[in-house]
Amino acid sequence: MQITVISGSPKGELSVTLQSVRYMEKKFPEHVWHYVHVGQTIRSIEEKTEKQGEIAELVRASDLVLFAQPVYTFTIPSQLKRFMELLFKVDLGRAFSGKYAAVLTTSINFFDHAAHAYMRATLEDLGMRFAGAFSADSYDLLQEKERLRLEAFAGDMLETVGRRRPVTRAFAPLVHKAWNYKSGEASPALDVQGKKVLIIQDRRYPAENAGAMADRMVARFPGADRLVLEEISMAGGCLGCVQCGFDHQCVYAGKDDFIAAYEERIKTADILFFVMKVEDRMFSALWKTFFDRGFYNTHTPTLRGKQLGFLVSGPLGQMGPFREVLTAFTEWQGAGLVDMVTDECCEAPLLDALLDTLAERAVEAWERGFVSPATFLGKGGMKVFRDDVFGRHRFVFQADHTWFEANGIYDFPQDDKRAMETNAFMFDVMKDPGTKEAIRKMLKSEMVKPIRKVVDRLP
Ligand SMILES: Cc1cc2nc3c(=O)[nH]c(=O)nc-3n(C[C@H](O)[C@H](O)[C@H](O)COP(=O)(O)O)c2cc1C
């Protein structure tokens, strides 16, 4: 069997993920494994049609295409995102259609499921047959148990392809109606009382809905700062070197505009509107570059207490996983999610009203200082980081460690004295079977008692 491996890590041969593929190759030497370092060579793939031709030829001759990449900031690295976009834009994509595909990631299991959902949905959109996915922890290969698990996965994946088994489709195709949004009469400008409003977009999108949506928002906030990513210099995507872990210093410092923009325009803003257009099943690779490059702050939130709104052109309503990524990003940041407005309503007056409402509610939320409590997405995510930074990666992420200590992120081991004393007392009294039975019956009423008191205190 011929296998093409699309390696999405910017680290090329030094990729941790790649080692799992090499391991599979050694375990299944009867197959021929070809490697394309997309993460490392995306620029030349973008620019050179002959490179695209070589990849197409390789894929055409292959029975399976294995996408192997790290998880980067809630999903896949920007370099691979760009490659996925190219598959839909240039001839290259046709070679992938009808082929079996599989996905392998390494990560610390923070939103690995979102990366997998994106990849599966996008590969299915390309007409590929999904033969399986494997999400390994970065260090799994060090353990015999996990090596056996990887081997079992590879065995199953290769059986599927070898026997040309039918596979299921997990994500329905997108249905999207294109229409031309023309904003109506402008609403009055909003008084933001000195607050800093930032409208950030990847491109200007002239004559496109995303551009018109951004323009309407700008009209409500005449003093807003408008940051267009395409118009600042970004020397490249995140290289994954993690040198920022010690002190939040990026290797790109002084080499392009990104860090200055992040420090001076993003960190200082109070209300931020992110404008984007859906490309395949997510925002653009340029937006992804922004999020990956923002990793110079590693696991330390930078948007705490700010208000965030999203303006999205495209079928976000059909993309649960993408919506979840935007929500999770906001929650984990400790920011307020005002709303996400899309152009799916296909009606200009309604879209005008939705955008106006978003603008007004963002200002009101700032005035109230309202940030919704994080759900599992934000809370669970922070706990994954907490364990990782406290434990095995403390030396690498020293800047996070200092911040986590100072900001109460290390809420373990539990040191709540009252809870510990109550637990000790209850364990003791419940040694008596009669008391245990009596307490069992009282649990429901006793649990609500102190909470009820708060309500009952009110007139
Ligand atoms: C910029 C950047 C962002 C990352 N974001 C995530 C993330 O969102 N979730 C996660 O579980 N791991 C994340 N990681 C950790 C990597 O996924 C992990 O180290 C992976 O094993 C690296 O694989 P590679 O060496 O093949 O690139 C991130 C690492 C970097 C450098």
# chains A, B, ... in the order shown; residues from 1 in each chain; ligands from 1
$ residues_around --residues "Glu263 (chain A)" --least-positions-apart "6" --cutoff "12 Å" --atoms "only C-alpha atoms" --output "ChimeraX atom specification"
/A:248-249,253,257,269,294,296-297,302-303
$ select_by_dssp --residues "region 2-89 of chain A" --states "strand (DSSP E or B)" --output "number ranges by chain"
A: 2-7, 32-36, 64-70, 72, 75
$ closest_atom_pairs --of "chain A" --to "ligand 1" --cutoff "6 Å" --atoms "only C-alpha atoms and all ligand atoms" --output "JSON lines"
{"residue": "A:Ser9", "atom": "CA", "partner": "ligand 1", "partner_atom_place_in_ligand_line": "27 (O)", "distance": 4.4}
{"residue": "A:Lys11", "atom": "CA", "partner": "ligand 1", "partner_atom_place_in_ligand_line": "27 (O)", "distance": 5.8}
{"residue": "A:Ser15", "atom": "CA", "partner": "ligand 1", "partner_atom_place_in_ligand_line": "25 (O)", "distance": 3.5}
{"residue": "A:Val16", "atom": "CA", "partner": "ligand 1", "partner_atom_place_in_ligand_line": "25 (O)", "distance": 3.6}
{"residue": "A:Thr17", "atom": "CA", "partner": "ligand 1", "partner_atom_place_in_ligand_line": "26 (O)", "distance": 3.7}
{"residue": "A:Leu18", "atom": "CA", "partner": "ligand 1", "partner_atom_place_in_ligand_line": "26 (O)", "distance": 5.9}
{"residue": "A:Gln69", "atom": "CA", "partner": "ligand 1", "partner_atom_place_in_ligand_line": "26 (O)", "distance": 5.5}
{"residue": "A:Pro70", "atom": "CA", "partner": "ligand 1", "partner_atom_place_in_ligand_line": "23 (O)", "distance": 4.1}
{"residue": "A:Val71", "atom": "CA", "partner": "ligand 1", "partner_atom_place_in_ligand_line": "17 (O)", "distance": 4.0}
{"residue": "A:Tyr72", "atom": "CA", "partner": "ligand 1", "partner_atom_place_in_ligand_line": "5 (N)", "distance": 3.4}
{"residue": "A:Thr73", "atom": "CA", "partner": "ligand 1", "partner_atom_place_in_ligand_line": "8 (O)", "distance": 3.4}
{"residue": "A:Phe74", "atom": "CA", "partner": "ligand 1", "partner_atom_place_in_ligand_line": "8 (O)", "distance": 4.0}
{"residue": "A:Thr106", "atom": "CA", "partner": "ligand 1", "partner_atom_place_in_ligand_line": "21 (O)", "distance": 4.3}
{"residue": "A:Ser107", "atom": "CA", "partner": "ligand 1", "partner_atom_place_in_ligand_line": "17 (O)", "distance": 3.5}
{"residue": "A:Ile108", "atom": "CA", "partner": "ligand 1", "partner_atom_place_in_ligand_line": "11 (O)", "distance": 3.6}
{"residue": "A:Asn109", "atom": "CA", "partner": "ligand 1", "partner_atom_place_in_ligand_line": "11 (O)", "distance": 4.0}
{"residue": "A:Phe110", "atom": "CA", "partner": "ligand 1", "partner_atom_place_in_ligand_line": "11 (O)", "distance": 3.6}
{"residue": "A:Phe111", "atom": "CA", "partner": "ligand 1", "partner_atom_place_in_ligand_line": "9 (N)", "distance": 5.5}
{"residue": "A:Asp112", "atom": "CA", "partner": "ligand 1", "partner_atom_place_in_ligand_line": "11 (O)", "distance": 5.8}
{"residue": "A:Ser138", "atom": "CA", "partner": "ligand 1", "partner_atom_place_in_ligand_line": "21 (O)", "distance": 4.0}
{"residue": "A:Cys238", "atom": "CA", "partner": "ligand 1", "partner_atom_place_in_ligand_line": "1 (C)", "distance": 5.9}
{"residue": "A:Gly240", "atom": "CA", "partner": "ligand 1", "partner_atom_place_in_ligand_line": "31 (C)", "distance": 3.7}
{"residue": "A:Val242", "atom": "CA", "partner": "ligand 1", "partner_atom_place_in_ligand_line": "31 (C)", "distance": 5.5}
{"residue": "A:Asp292", "atom": "CA", "partner": "ligand 1", "partner_atom_place_in_ligand_line": "1 (C)", "distance": 5.0}
{"residue": "A:Phe295", "atom": "CA", "partner": "ligand 1", "partner_atom_place_in_ligand_line": "1 (C)", "distance": 5.2}
$ residues_around --residues "Leu239 (chain A)" --least-positions-apart "6" --cutoff "10 Å" --atoms "only C-alpha atoms" --output "PyMOL selection string"
chain A and resi 9-11+39-40+77+79+250-252+292-293
$ atom_distance --atom1 "CA of Asp280 (chain A)" --atom2 "CA of Leu92 (chain A)"
15.4 Å
$ closest_residue --among "A:His299, A:Phe390, A:Thr41, A:Leu142" --to "Phe412 (chain A)" --atoms "only C-alpha atoms"
A:Phe390
$ closest_atom_pairs --of "region 1-67 of chain A" --to "region 145-168 of chain A" --cutoff "9 Å" --atoms "only C-alpha atoms" --output "CSV"
residue,atom,partner,partner_atom,distance
A:Met1,CA,A:Gly162,CA,7.5
A:Ser20,CA,A:Leu150,CA,7.8
A:Tyr23,CA,A:Arg147,CA,8.5
A:Met24,CA,A:Glu151,CA,6.6
A:Lys27,CA,A:Glu151,CA,7.4
A:Phe28,CA,A:Ala154,CA,8.5
A:Asp63,CA,A:Val161,CA,7.0
A:Leu64,CA,A:Val161,CA,6.9
$ write_last_selection --atoms "N, CA and C atoms" --output "compact mmCIF listing (two decimals), in the first residue's frame"
# COMPACT_ATOMS: atom_id res chain seq x y z
N MET A 1 0.84 -1.20 0.00
CA MET A 1 0.00 0.00 0.00
C MET A 1 0.88 1.25 0.00
N SER A 20 5.46 9.46 15.81
CA SER A 20 4.42 8.41 15.88
C SER A 20 4.21 7.78 14.51
N TYR A 23 7.09 5.57 13.74
CA TYR A 23 6.93 4.34 14.53
C TYR A 23 6.01 3.37 13.78
N MET A 24 4.90 3.90 13.27
CA MET A 24 3.97 3.06 12.52
C MET A 24 4.65 2.50 11.27
N LYS A 27 6.65 -0.39 12.16
CA LYS A 27 5.82 -1.54 12.54
C LYS A 27 5.12 -2.16 11.33
N PHE A 28 4.94 -1.38 10.29
CA PHE A 28 4.26 -1.87 9.09
C PHE A 28 5.13 -1.62 7.85
N ASP A 63 -2.90 5.05 -1.64
CA ASP A 63 -4.18 4.46 -1.21
C ASP A 63 -4.73 5.21 0.00
N LEU A 64 -3.82 5.85 0.75
CA LEU A 64 -4.21 6.51 1.99
C LEU A 64 -3.42 7.80 2.15
$ atom_distance --atom1 "CA of Ala214 (chain A)" --atom2 "CA of Ile199 (chain A)"
7.5 Å
